[in-house]
$ cat data23.pdb   # PDB, C-alpha atoms and all ligand atoms
ATOM      1  CA  MET Q 408      -9.954   8.123   4.284
ATOM      2  CA  LEU Q 409      -7.057   7.131   2.008
ATOM      3  CA  LYS Q 410      -8.798   5.392  -0.890
ATOM      4  CA  ASP Q 411      -6.690   5.383  -4.108
ATOM      5  CA  LYS Q 412      -3.643   6.716  -2.233
ATOM      6  CA  VAL Q 413      -0.177   5.175  -2.237
ATOM      7  CA  ALA Q 414       1.642   5.484   1.084
ATOM      8  CA  LEU Q 415       5.067   4.457   2.305
ATOM      9  CA  VAL Q 416       6.114   3.943   5.918
ATOM     10  CA  THR Q 417       9.690   3.491   7.119
ATOM     11  CA  GLY Q 418      10.429   1.407  10.198
ATOM     12  CA  ALA Q 419       7.099  -0.320   9.584
ATOM     13  CA  GLY Q 420       8.184  -3.711  10.908
ATOM     14  CA  SER Q 421       7.601  -2.840  14.571
ATOM     15  CA  GLY Q 422       6.007  -0.477  17.068
ATOM     16  CA  ILE Q 423       4.552   2.815  15.848
ATOM     17  CA  GLY Q 424       5.447   2.365  12.159
ATOM     18  CA  LYS Q 425       3.671  -0.981  12.045
ATOM     19  CA  GLN Q 426       0.465   0.533  13.448
ATOM     20  CA  VAL Q 427       0.688   3.431  10.973
ATOM     21  CA  ALA Q 428       1.017   0.967   8.073
ATOM     22  CA  LEU Q 429      -1.955  -1.090   9.345
ATOM     23  CA  LYS Q 430      -4.133   2.018   9.697
ATOM     24  CA  TYR Q 431      -3.158   3.414   6.285
ATOM     25  CA  ALA Q 432      -4.083   0.068   4.717
ATOM     26  CA  ALA Q 433      -7.337  -0.221   6.674
ATOM     27  CA  GLU Q 434      -8.294   3.194   5.271
ATOM     28  CA  GLY Q 435      -7.766   1.978   1.720
ATOM     29  CA  ALA Q 436      -4.198   3.029   0.859
ATOM     30  CA  LYS Q 437      -1.780   0.780  -0.988
ATOM     31  CA  VAL Q 438       1.089   0.599   1.478
ATOM     32  CA  VAL Q 439       4.805   0.204   0.923
ATOM     33  CA  VAL Q 440       6.122  -1.298   4.144
ATOM     34  CA  SER Q 441       9.813  -0.566   4.601
ATOM     35  CA  ASP Q 442      12.256  -1.612   7.289
ATOM     36  CA  ILE Q 443      15.879  -2.595   7.707
ATOM     37  CA  VAL Q 444      14.660  -5.872   9.272
ATOM     38  CA  GLU Q 445      12.997  -8.189   6.777
ATOM     39  CA  LYS Q 446      11.115 -10.385   9.257
ATOM     40  CA  GLY Q 447       9.127  -7.588  10.935
ATOM     41  CA  GLY Q 448       8.410  -5.858   7.628
ATOM     42  CA  LYS Q 449       7.107  -9.019   6.009
ATOM     43  CA  GLU Q 450       4.919  -9.761   9.039
ATOM     44  CA  THR Q 451       3.328  -6.307   8.706
ATOM     45  CA  VAL Q 452       2.612  -7.008   5.022
ATOM     46  CA  GLU Q 453       1.091 -10.389   5.916
ATOM     47  CA  GLU Q 454      -1.221  -8.760   8.478
ATOM     48  CA  ILE Q 455      -2.341  -6.147   5.956
ATOM     49  CA  VAL Q 456      -3.013  -8.720   3.257
ATOM     50  CA  ALA Q 457      -4.818 -11.028   5.698
ATOM     51  CA  ALA Q 458      -7.126  -8.129   6.571
ATOM     52  CA  GLY Q 459      -7.918  -7.611   2.870
ATOM     53  CA  GLY Q 460      -5.502  -4.730   2.221
ATOM     54  CA  GLU Q 461      -2.714  -4.204  -0.273
ATOM     55  CA  ALA Q 462       0.962  -3.891   0.655
ATOM     56  CA  PHE Q 463       4.467  -4.980  -0.245
ATOM     57  CA  PHE Q 464       7.807  -4.940   1.550
ATOM     58  CA  VAL Q 465      10.981  -3.087   0.574
ATOM     59  CA  MET Q 466      14.096  -3.563   2.671
ATOM     60  CA  ALA Q 467      15.864  -0.216   3.059
ATOM     61  CA  ASP Q 468      18.195   1.475   5.536
ATOM     62  CA  THR Q 469      16.958   5.040   6.002
ATOM     63  CA  GLY Q 470      20.485   6.089   6.950
ATOM     64  CA  LEU Q 471      21.661   5.505   3.377
ATOM     65  CA  PRO Q 472      20.694   7.961   0.599
ATOM     66  CA  ASP Q 473      20.713   5.244  -2.094
ATOM     67  CA  ASP Q 474      18.310   3.065  -0.102
ATOM     68  CA  ASN Q 475      15.871   5.962   0.157
ATOM     69  CA  GLU Q 476      16.067   6.522  -3.605
ATOM     70  CA  TYR Q 477      15.550   2.786  -4.185
ATOM     71  CA  LEU Q 478      12.514   2.744  -1.881
ATOM     72  CA  VAL Q 479      10.810   5.518  -3.852
ATOM     73  CA  GLN Q 480      11.751   3.860  -7.171
ATOM     74  CA  GLN Q 481      10.243   0.563  -6.019
ATOM     75  CA  THR Q 482       7.076   2.364  -4.907
ATOM     76  CA  LEU Q 483       6.658   4.055  -8.302
ATOM     77  CA  GLU Q 484       7.433   0.840 -10.169
ATOM     78  CA  LYS Q 485       4.873  -1.195  -8.209
ATOM     79  CA  TYR Q 486       2.044   1.306  -7.655
ATOM     80  CA  GLY Q 487       2.791   4.099 -10.178
ATOM     81  CA  ALA Q 488       2.562   6.980  -7.680
ATOM     82  CA  LEU Q 489       3.454   8.204  -4.201
ATOM     83  CA  HIS Q 490       1.049  10.409  -2.222
ATOM     84  CA  ILE Q 491       1.920   9.868   1.453
ATOM     85  CA  ALA Q 492       5.160   9.164   3.319
ATOM     86  CA  CYS Q 493       5.644   8.577   7.019
ATOM     87  CA  ASN Q 494       9.331   8.892   7.916
ATOM     88  CA  ASN Q 495       9.175   6.914  11.121
ATOM     89  CA  ALA Q 496      12.308   4.719  11.354
ATOM     90  CA  GLY Q 497      14.470   5.589  14.318
ATOM     91  CA  ILE Q 498      16.740   4.277  17.050
ATOM     92  CA  GLY Q 499      17.381   5.260  20.665
ATOM     93  CA  GLY Q 500      21.175   5.249  20.611
ATOM     94  CA  PRO Q 501      23.651   5.072  23.479
ATOM     95  CA  SER Q 502      22.805   6.381  26.943
ATOM     96  CA  ALA Q 503      25.560   8.679  28.270
ATOM     97  CA  PRO Q 504      26.148  12.299  29.254
ATOM     98  CA  ILE Q 505      27.428  14.469  26.413
ATOM     99  CA  GLY Q 506      30.938  14.710  27.910
ATOM    100  CA  GLU Q 507      31.211  10.941  27.601
ATOM    101  CA  TYR Q 508      28.960  10.283  24.609
ATOM    102  CA  PRO Q 509      30.466   7.768  22.140
ATOM    103  CA  ILE Q 510      31.330   9.538  18.878
ATOM    104  CA  ASP Q 511      30.262   6.591  16.727
ATOM    105  CA  GLY Q 512      26.938   6.471  18.621
ATOM    106  CA  TRP Q 513      26.360  10.161  17.887
ATOM    107  CA  ASP Q 514      27.116   9.626  14.188
ATOM    108  CA  LYS Q 515      24.757   6.642  13.959
ATOM    109  CA  VAL Q 516      21.821   8.341  15.686
ATOM    110  CA  ILE Q 517      22.164  11.516  13.590
ATOM    111  CA  LYS Q 518      22.486   9.426  10.419
ATOM    112  CA  ILE Q 519      19.337   7.381  10.994
ATOM    113  CA  ASN Q 520      17.109   9.752  13.006
ATOM    114  CA  LEU Q 521      17.911  13.065  11.276
ATOM    115  CA  SER Q 522      19.749  12.523   7.978
ATOM    116  CA  GLY Q 523      17.384   9.608   7.323
ATOM    117  CA  VAL Q 524      14.415  11.986   7.371
ATOM    118  CA  PHE Q 525      16.212  14.377   5.001
ATOM    119  CA  TYR Q 526      17.225  11.554   2.634
ATOM    120  CA  GLY Q 527      13.647  10.299   2.730
ATOM    121  CA  MET Q 528      12.098  13.646   1.848
ATOM    122  CA  ARG Q 529      14.848  14.318  -0.731
ATOM    123  CA  TYR Q 530      13.510  11.462  -2.867
ATOM    124  CA  GLN Q 531       9.865  11.407  -1.751
ATOM    125  CA  LEU Q 532       9.098  15.051  -2.580
ATOM    126  CA  PRO Q 533       9.791  14.905  -6.341
ATOM    127  CA  ALA Q 534       7.708  11.709  -6.546
ATOM    128  CA  ILE Q 535       4.817  13.229  -4.564
ATOM    129  CA  LEU Q 536       4.866  16.329  -6.795
ATOM    130  CA  LYS Q 537       4.764  14.145  -9.917
ATOM    131  CA  SER Q 538       1.837  12.232  -8.379
ATOM    132  CA  GLY Q 539      -0.218  15.430  -8.063
ATOM    133  CA  GLY Q 540       0.517  16.295  -4.408
ATOM    134  CA  GLY Q 541       0.136  14.666  -1.018
ATOM    135  CA  ASN Q 542       1.722  14.860   2.398
ATOM    136  CA  ILE Q 543       4.533  13.710   4.662
ATOM    137  CA  VAL Q 544       4.512  12.966   8.396
ATOM    138  CA  ASN Q 545       7.901  12.902  10.130
ATOM    139  CA  MET Q 546       8.233  11.070  13.436
ATOM    140  CA  ALA Q 547       9.833  13.430  15.947
ATOM    141  CA  SER Q 548       9.299  13.055  19.710
ATOM    142  CA  ILE Q 549       8.568  15.101  22.806
ATOM    143  CA  LEU Q 550      12.374  15.086  22.893
ATOM    144  CA  GLY Q 551      12.222  17.257  19.761
ATOM    145  CA  LYS Q 552      11.083  20.069  22.080
ATOM    146  CA  VAL Q 553      12.775  19.458  25.437
ATOM    147  CA  GLY Q 554      15.965  17.868  26.740
ATOM    148  CA  PHE Q 555      16.394  14.459  28.364
ATOM    149  CA  ALA Q 556      19.493  13.365  30.269
ATOM    150  CA  CYS Q 557      21.914  10.951  28.617
ATOM    151  CA  SER Q 558      20.155  11.124  25.219
ATOM    152  CA  GLY Q 559      21.986  14.043  23.578
ATOM    153  CA  ALA Q 560      22.133  12.604  20.066
ATOM    154  CA  TYR Q 561      18.465  11.550  20.107
ATOM    155  CA  VAL Q 562      17.338  14.925  21.483
ATOM    156  CA  ALA Q 563      19.421  16.831  18.905
ATOM    157  CA  ALA Q 564      18.186  14.660  16.021
ATOM    158  CA  LYS Q 565      14.520  15.027  16.993
ATOM    159  CA  HIS Q 566      14.857  18.832  17.383
ATOM    160  CA  GLY Q 567      16.383  18.749  13.885
ATOM    161  CA  VAL Q 568      13.460  16.741  12.515
ATOM    162  CA  ILE Q 569      11.031  19.452  13.641
ATOM    163  CA  GLY Q 570      13.135  22.219  12.030
ATOM    164  CA  LEU Q 571      13.507  20.230   8.816
ATOM    165  CA  THR Q 572       9.745  19.628   8.758
ATOM    166  CA  GLU Q 573       9.069  23.359   9.070
ATOM    167  CA  ALA Q 574      11.575  24.239   6.336
ATOM    168  CA  ALA Q 575      10.100  21.675   3.960
ATOM    169  CA  ALA Q 576       6.527  22.758   4.746
ATOM    170  CA  VAL Q 577       7.322  26.359   3.826
ATOM    171  CA  GLU Q 578       8.955  25.259   0.565
ATOM    172  CA  TYR Q 579       6.186  22.929  -0.616
ATOM    173  CA  ALA Q 580       2.942  24.352   0.843
ATOM    174  CA  SER Q 581       2.016  26.183  -2.356
ATOM    175  CA  GLN Q 582       2.685  23.059  -4.441
ATOM    176  CA  GLY Q 583       0.084  20.840  -2.798
ATOM    177  CA  VAL Q 584       2.313  18.999  -0.344
ATOM    178  CA  ARG Q 585       1.680  19.254   3.415
ATOM    179  CA  ILE Q 586       4.504  18.279   5.772
ATOM    180  CA  ASN Q 587       4.023  17.802   9.521
ATOM    181  CA  ALA Q 588       5.796  16.282  12.520
ATOM    182  CA  VAL Q 589       4.470  14.221  15.404
ATOM    183  CA  GLY Q 590       5.837  14.180  18.953
ATOM    184  CA  PRO Q 591       4.965  11.034  20.900
ATOM    185  CA  GLY Q 592       5.601  10.778  24.616
ATOM    186  CA  PHE Q 593       7.000   7.454  25.826
ATOM    187  CA  ILE Q 594       5.190   4.689  23.961
ATOM    188  CA  LYS Q 595       5.131   0.971  24.780
ATOM    189  CA  THR Q 596       7.289  -0.339  21.926
ATOM    190  CA  PRO Q 597      10.438  -2.472  21.784
ATOM    191  CA  LEU Q 598      12.489   0.760  21.480
ATOM    192  CA  VAL Q 599      11.432   1.838  24.975
ATOM    193  CA  GLU Q 600      10.775  -1.485  26.697
ATOM    194  CA  LYS Q 601      13.833  -3.387  25.490
ATOM    195  CA  SER Q 602      16.114  -2.444  28.350
ATOM    196  CA  MET Q 603      13.757  -1.148  31.014
ATOM    197  CA  ASP Q 604      13.396  -2.472  34.545
ATOM    198  CA  GLU Q 605      10.272  -1.910  36.652
ATOM    199  CA  ALA Q 606      11.730   1.085  38.543
ATOM    200  CA  SER Q 607      12.640   2.938  35.329
ATOM    201  CA  ARG Q 608       9.208   2.171  33.882
ATOM    202  CA  LYS Q 609       7.509   3.669  36.949
ATOM    203  CA  ALA Q 610       9.744   6.751  36.752
ATOM    204  CA  LEU Q 611       8.821   7.225  33.084
ATOM    205  CA  VAL Q 612       5.110   6.761  33.763
ATOM    206  CA  ALA Q 613       5.345   9.484  36.437
ATOM    207  CA  LEU Q 614       6.431  11.978  33.742
ATOM    208  CA  HIS Q 615       3.088  11.524  31.945
ATOM    209  CA  PRO Q 616       0.212  13.258  33.785
ATOM    210  CA  ILE Q 617      -2.213  10.768  32.215
ATOM    211  CA  GLY Q 618      -0.604   8.095  34.412
ATOM    212  CA  ARG Q 619       0.577   5.551  31.838
ATOM    213  CA  LEU Q 620       2.760   5.136  28.769
ATOM    214  CA  GLY Q 621       1.181   5.464  25.330
ATOM    215  CA  GLU Q 622       0.190   2.789  22.824
ATOM    216  CA  SER Q 623       1.464   2.706  19.234
ATOM    217  CA  GLU Q 624      -2.147   2.786  17.980
ATOM    218  CA  GLU Q 625      -2.678   6.136  19.723
ATOM    219  CA  VAL Q 626       0.228   7.666  17.792
ATOM    220  CA  ALA Q 627      -0.934   6.061  14.548
ATOM    221  CA  GLU Q 628      -4.376   7.701  14.929
ATOM    222  CA  LEU Q 629      -2.757  11.144  14.867
ATOM    223  CA  VAL Q 630      -0.522  10.213  11.935
ATOM    224  CA  LEU Q 631      -3.548   8.932  10.019
ATOM    225  CA  TRP Q 632      -5.459  12.166  10.607
ATOM    226  CA  LEU Q 633      -2.482  14.291   9.482
ATOM    227  CA  SER Q 634      -2.120  12.101   6.379
ATOM    228  CA  SER Q 635      -5.783  12.465   5.432
ATOM    229  CA  ASP Q 636      -7.672  15.282   3.737
ATOM    230  CA  LYS Q 637      -9.272  16.021   7.114
ATOM    231  CA  ALA Q 638      -6.036  17.883   7.895
ATOM    232  CA  SER Q 639      -6.179  19.877   4.646
ATOM    233  CA  PHE Q 640      -5.163  23.214   6.273
ATOM    234  CA  VAL Q 641      -2.440  21.708   8.479
ATOM    235  CA  THR Q 642       1.174  22.019   7.403
ATOM    236  CA  GLY Q 643       4.474  22.835   9.104
ATOM    237  CA  SER Q 644       2.933  21.789  12.421
ATOM    238  CA  TYR Q 645       4.231  19.671  15.253
ATOM    239  CA  TYR Q 646       1.607  17.757  17.227
ATOM    240  CA  ASN Q 647       2.176  16.021  20.546
ATOM    241  CA  VAL Q 648       0.595  12.749  21.478
ATOM    242  CA  ASP Q 649       2.139  12.518  24.908
ATOM    243  CA  GLY Q 650      -0.372  12.040  27.735
ATOM    244  CA  GLY Q 651       0.393  15.580  28.907
ATOM    245  CA  TYR Q 652       4.202  15.167  29.179
ATOM    246  CA  LEU Q 653       5.014  18.563  27.643
ATOM    247  CA  ALA Q 654       2.197  20.336  29.482
ATOM    248  CA  ARG Q 655       3.817  19.845  32.883
TER
HETATM  249  P1  LIG I 701      10.651   0.243  17.286
HETATM  250  O1  LIG I 701      12.022  -0.122  17.665
HETATM  251  O2  LIG I 701       9.500  -0.563  17.799
HETATM  252  O3  LIG I 701      10.519   0.324  15.705
HETATM  253  C1  LIG I 701      11.466   0.977  14.913
HETATM  254  C2  LIG I 701      11.561   0.267  13.580
HETATM  255  O4  LIG I 701      12.515   0.982  12.781
HETATM  256  C3  LIG I 701      12.081  -1.175  13.709
HETATM  257  O5  LIG I 701      11.274  -2.049  12.953
HETATM  258  C4  LIG I 701      13.493  -1.105  13.161
HETATM  259  O6  LIG I 701      13.910  -2.298  12.531
HETATM  260  C5  LIG I 701      13.380   0.042  12.174
HETATM  261  N1  LIG I 701      14.664   0.660  11.885
HETATM  262  C6  LIG I 701      15.658   0.946  12.756
HETATM  263  N2  LIG I 701      16.687   1.482  12.096
HETATM  264  C7  LIG I 701      16.337   1.548  10.793
HETATM  265  C8  LIG I 701      16.981   2.002   9.622
HETATM  266  N3  LIG I 701      18.226   2.496   9.656
HETATM  267  N4  LIG I 701      16.325   1.925   8.439
HETATM  268  C9  LIG I 701      15.068   1.405   8.395
HETATM  269  N5  LIG I 701      14.408   0.953   9.462
HETATM  270  C10 LIG I 701      15.045   1.021  10.657
HETATM  271  O7  LIG I 701      10.509   1.771  17.731
HETATM  272  P2  LIG I 701       9.265   2.759  17.856
HETATM  273  O8  LIG I 701       9.153   3.107  19.266
HETATM  274  O9  LIG I 701       8.083   2.254  17.117
HETATM  275  O10 LIG I 701       9.883   4.041  17.134
HETATM  276  C11 LIG I 701       9.427   4.526  15.893
HETATM  277  C12 LIG I 701       9.737   6.008  15.826
HETATM  278  O11 LIG I 701       9.039   6.695  16.850
HETATM  279  C13 LIG I 701      11.221   6.350  16.009
HETATM  280  O12 LIG I 701      11.573   7.403  15.134
HETATM  281  C14 LIG I 701      11.270   6.823  17.440
HETATM  282  O13 LIG I 701      12.344   7.717  17.677
HETATM  283  C15 LIG I 701       9.928   7.517  17.550
HETATM  284  N6  LIG I 701       9.468   7.697  18.920
HETATM  285  C16 LIG I 701       9.270   6.619  19.728
HETATM  286  C17 LIG I 701       8.839   6.839  21.024
HETATM  287  C18 LIG I 701       8.606   5.709  21.992
HETATM  288  O14 LIG I 701       8.466   5.989  23.183
HETATM  289  N7  LIG I 701       8.546   4.464  21.537
HETATM  290  C19 LIG I 701       8.624   8.140  21.492
HETATM  291  C20 LIG I 701       8.830   9.203  20.626
HETATM  292  C21 LIG I 701       9.245   8.969  19.335
END
$ encode --input "data23.pdb" --output "structure tokens" --more "lines below"
Ligand code: NAD
Amino acid sequence: MLKDKVALVTGAGSGIGKQVALKYAAEGAKVVVSDIVEKGGKETVEEIVAAGGEAFFVMADTGLPDDNEYLVQQTLEKYGALHIACNNAGIGGPSAPIGEYPIDGWDKVIKINLSGVFYGMRYQLPAILKSGGGNIVNMASILGKVGFACSGAYVAAKHGVIGLTEAAAVEYASQGVRINAVGPGFIKTPLVEKSMDEASRKALVALHPIGRLGESEEVAELVLWLSSDKASFVTGSYYNVDGGYLAR
């Protein structure tokens, strides 16, 4: 599905981003695996190469404009083009009601989860245009559409990601670049499972009519489809992959 394409994935050292990188590579793309953590990113590259694919690692913090510029530069230097970007890196942030929310926690979540997507697209779009067109998938969340207690910064950032995706899609649709957002429900990754006891896990499961949390691979399938020519008429859209969470 992605033969001869060059794709970059941020936050590709773990969870959803890792599965997106593996699927892109399995479909024939050359993949730039980026993460702020070297170990996870390099492991993803090793898995891709072991499976016969092509990939290399670039350490970059999506919350820093210069790192995003560097990531695109490295991609062009190594593979000579950029066709696909998945802006996936993100953090959960502090858990507190808005009246008590730590200011530095707010700033950090907005910087990585929202500004990071803008910084990414700011440098990816000119490169994709120069490469003859392509597409971008931004990782939002079900919490880009509805609220969730004690997660104000995350909810605000993910709502922003959907708006930013729509604005960019309108600007670039006629120039051969499709831009979409994905809204996973709660997915079994370190981000969600890190600090969860059994009671909280059961409560989260109960919010998904399908009766379980999602798997990273299930999100990556949707991302892959959006990134492929099979989605050639799809831009400015937001797709859920949430086991029915938003349908309740
Ligand atoms: P994860 O913690 O498993 O992976 C996130 C990766 O991003 C990690 O490898 C981490 O090192 C990297 N990262 C963190 N900050 C970074 C930064 N500043 N620059 C570059 N890389 C950075 O989490 P995940 O669950 O796979 O989350 C991936 C994305 O999916 C996030 O945007 C998250 O908000 C979104 N999401 C997750 C869920 C879920 O339930 N897991 C649900 C909806 C949306």
$ closest_residue --input "data23.pdb" --among "Q:Cys493, Q:Val544, Q:Ala432, Q:Ala560" --to "Gly512 of chain Q" --atoms "only C-alpha atoms"
Q:Ala560
$ closest_residue --input "data23.pdb" --among "Q:Val452, Q:Leu489, Q:Ala503, Q:Val440" --to "Gly559 of chain Q" --atoms "only C-alpha atoms"
Q:Ala503
$ atom_distance --input "data23.pdb" --atom1 "atom CA of Ala534 of chain Q" --atom2 "atom CA of Ile569 of chain Q"
21.9 Å
$ residues_near_ligand --input "data23.pdb" --ligand "ligand LIG 701 (chain I)" --cutoff "7 Å" --atoms "all atoms listed in the file" --output "ChimeraX atom specification"
/Q:417-424,441-444,447,467-470,495-499,519-520,546-549,590-599,623
$ residues_around --input "data23.pdb" --residues "Thr642 of chain Q" --least-positions-apart "3" --cutoff "6 Å" --atoms "all atoms listed in the file" --output "PyMOL selection string"
chain Q and resi 585-587
$ residues_around --input "data23.pdb" --residues "Gly487 of chain Q" --least-positions-apart "3" --cutoff "9 Å" --atoms "only C-alpha atoms" --output "list of chain:residue names"
Q:Val413, Q:Thr482, Q:Leu483, Q:Glu484, Q:Ser538
$ resolve_selection --input "data23.pdb" --expression "the PyMOL selection byres (((chain Q and resi 580) around 12) and not hetatm)" --output "CSV table (one decimal) with C-alpha atoms, keeping the file's coordinate frame"
chain,number,residue,atom,x,y,z
Q,532,LEU,CA,9.1,15.1,-2.6
Q,536,LEU,CA,4.9,16.3,-6.8
Q,540,GLY,CA,0.5,16.3,-4.4
Q,541,GLY,CA,0.1,14.7,-1.0
Q,542,ASN,CA,1.7,14.9,2.4
Q,543,ILE,CA,4.5,13.7,4.7
Q,572,THR,CA,9.7,19.6,8.8
Q,573,GLU,CA,9.1,23.4,9.1
Q,574,ALA,CA,11.6,24.2,6.3
Q,575,ALA,CA,10.1,21.7,4.0
Q,576,ALA,CA,6.5,22.8,4.7
Q,577,VAL,CA,7.3,26.4,3.8
Q,578,GLU,CA,9.0,25.3,0.6
Q,579,TYR,CA,6.2,22.9,-0.6
Q,581,SER,CA,2.0,26.2,-2.4
Q,582,GLN,CA,2.7,23.1,-4.4
Q,583,GLY,CA,0.1,20.8,-2.8
Q,584,VAL,CA,2.3,19.0,-0.3
Q,585,ARG,CA,1.7,19.3,3.4
Q,586,ILE,CA,4.5,18.3,5.8
Q,587,ASN,CA,4.0,17.8,9.5
Q,639,SER,CA,-6.2,19.9,4.6
Q,640,PHE,CA,-5.2,23.2,6.3
Q,641,VAL,CA,-2.4,21.7,8.5
Q,642,THR,CA,1.2,22.0,7.4
Q,643,GLY,CA,4.5,22.8,9.1
Q,644,SER,CA,2.9,21.8,12.4
$ closest_residue --input "data23.pdb" --among "Q:Asp411, Q:Glu450, Q:Asp604, Q:Glu624" --to "His490 of chain Q" --atoms "all atoms listed in the file"
Q:Asp411
$ atom_distance --input "data23.pdb" --atom1 "atom CA of Met528 of chain Q" --atom2 "atom CA of His566 of chain Q"
16.6 Å
$ build_atoms --input "data23.pdb" --residues "segment 619-639 of chain Q" --atoms "N, CA and C atoms" --output "mmCIF file, in the coordinates of the input"
data_model
loop_
_atom_site.group_PDB
_atom_site.id
_atom_site.type_symbol
_atom_site.label_atom_id
_atom_site.label_comp_id
_atom_site.auth_asym_id
_atom_site.auth_seq_id
_atom_site.Cartn_x
_atom_site.Cartn_y
_atom_site.Cartn_z
ATOM 1 N N ARG Q 619 0.168 6.792 32.521
ATOM 2 C CA ARG Q 619 0.577 5.551 31.838
ATOM 3 C C ARG Q 619 1.432 5.926 30.630
ATOM 4 N N LEU Q 620 2.075 4.933 30.048
ATOM 5 C CA LEU Q 620 2.760 5.136 28.769
ATOM 6 C C LEU Q 620 1.732 5.027 27.646
ATOM 7 N N GLY Q 621 2.116 5.498 26.456
ATOM 8 C CA GLY Q 621 1.181 5.464 25.330
ATOM 9 C C GLY Q 621 1.229 4.148 24.572
ATOM 10 N N GLU Q 622 0.250 3.963 23.707
ATOM 11 C CA GLU Q 622 0.190 2.789 22.824
ATOM 12 C C GLU Q 622 0.500 3.252 21.397
ATOM 13 N N SER Q 623 1.128 2.374 20.629
ATOM 14 C CA SER Q 623 1.464 2.706 19.234
ATOM 15 C C SER Q 623 0.229 3.127 18.443
ATOM 16 N N GLU Q 624 -0.902 2.468 18.706
ATOM 17 C CA GLU Q 624 -2.147 2.786 17.980
ATOM 18 C C GLU Q 624 -2.550 4.243 18.200
ATOM 19 N N GLU Q 625 -2.272 4.760 19.409
ATOM 20 C CA GLU Q 625 -2.678 6.136 19.723
ATOM 21 C C GLU Q 625 -1.855 7.141 18.914
ATOM 22 N N VAL Q 626 -0.602 6.795 18.641
ATOM 23 C CA VAL Q 626 0.228 7.666 17.792
ATOM 24 C C VAL Q 626 -0.234 7.534 16.339
ATOM 25 N N ALA Q 627 -0.523 6.312 15.936
ATOM 26 C CA ALA Q 627 -0.934 6.061 14.548
ATOM 27 C C ALA Q 627 -2.228 6.799 14.199
ATOM 28 N N GLU Q 628 -3.128 6.954 15.173
ATOM 29 C CA GLU Q 628 -4.376 7.701 14.929
ATOM 30 C C GLU Q 628 -4.075 9.127 14.497
ATOM 31 N N LEU Q 629 -3.133 9.758 15.188
ATOM 32 C CA LEU Q 629 -2.757 11.144 14.867
ATOM 33 C C LEU Q 629 -2.087 11.210 13.497
ATOM 34 N N VAL Q 630 -1.207 10.250 13.232
ATOM 35 C CA VAL Q 630 -0.522 10.213 11.935
ATOM 36 C C VAL Q 630 -1.546 10.057 10.815
ATOM 37 N N LEU Q 631 -2.507 9.161 11.035
ATOM 38 C CA LEU Q 631 -3.548 8.932 10.019
ATOM 39 C C LEU Q 631 -4.313 10.222 9.738
ATOM 40 N N TRP Q 632 -4.701 10.918 10.794
ATOM 41 C CA TRP Q 632 -5.459 12.166 10.607
ATOM 42 C C TRP Q 632 -4.619 13.185 9.815
ATOM 43 N N LEU Q 633 -3.350 13.335 10.192
ATOM 44 C CA LEU Q 633 -2.482 14.291 9.482
ATOM 45 C C LEU Q 633 -2.306 13.901 8.019
ATOM 46 N N SER Q 634 -2.332 12.591 7.745
ATOM 47 C CA SER Q 634 -2.120 12.101 6.379
ATOM 48 C C SER Q 634 -3.375 12.177 5.527
ATOM 49 N N SER Q 635 -4.509 12.471 6.164
ATOM 50 C CA SER Q 635 -5.783 12.465 5.432
ATOM 51 C C SER Q 635 -6.190 13.882 5.031
ATOM 52 N N ASP Q 636 -7.180 13.968 4.164
ATOM 53 C CA ASP Q 636 -7.672 15.282 3.737
ATOM 54 C C ASP Q 636 -8.383 16.027 4.862
ATOM 55 N N LYS Q 637 -8.669 15.327 5.966
ATOM 56 C CA LYS Q 637 -9.272 16.021 7.114
ATOM 57 C C LYS Q 637 -8.323 17.077 7.665
ATOM 58 N N ALA Q 638 -7.030 16.918 7.406
ATOM 59 C CA ALA Q 638 -6.036 17.883 7.895
ATOM 60 C C ALA Q 638 -5.601 18.820 6.764
ATOM 61 N N SER Q 639 -6.538 19.171 5.888
ATOM 62 C CA SER Q 639 -6.179 19.877 4.646
ATOM 63 C C SER Q 639 -5.555 21.258 4.852
#
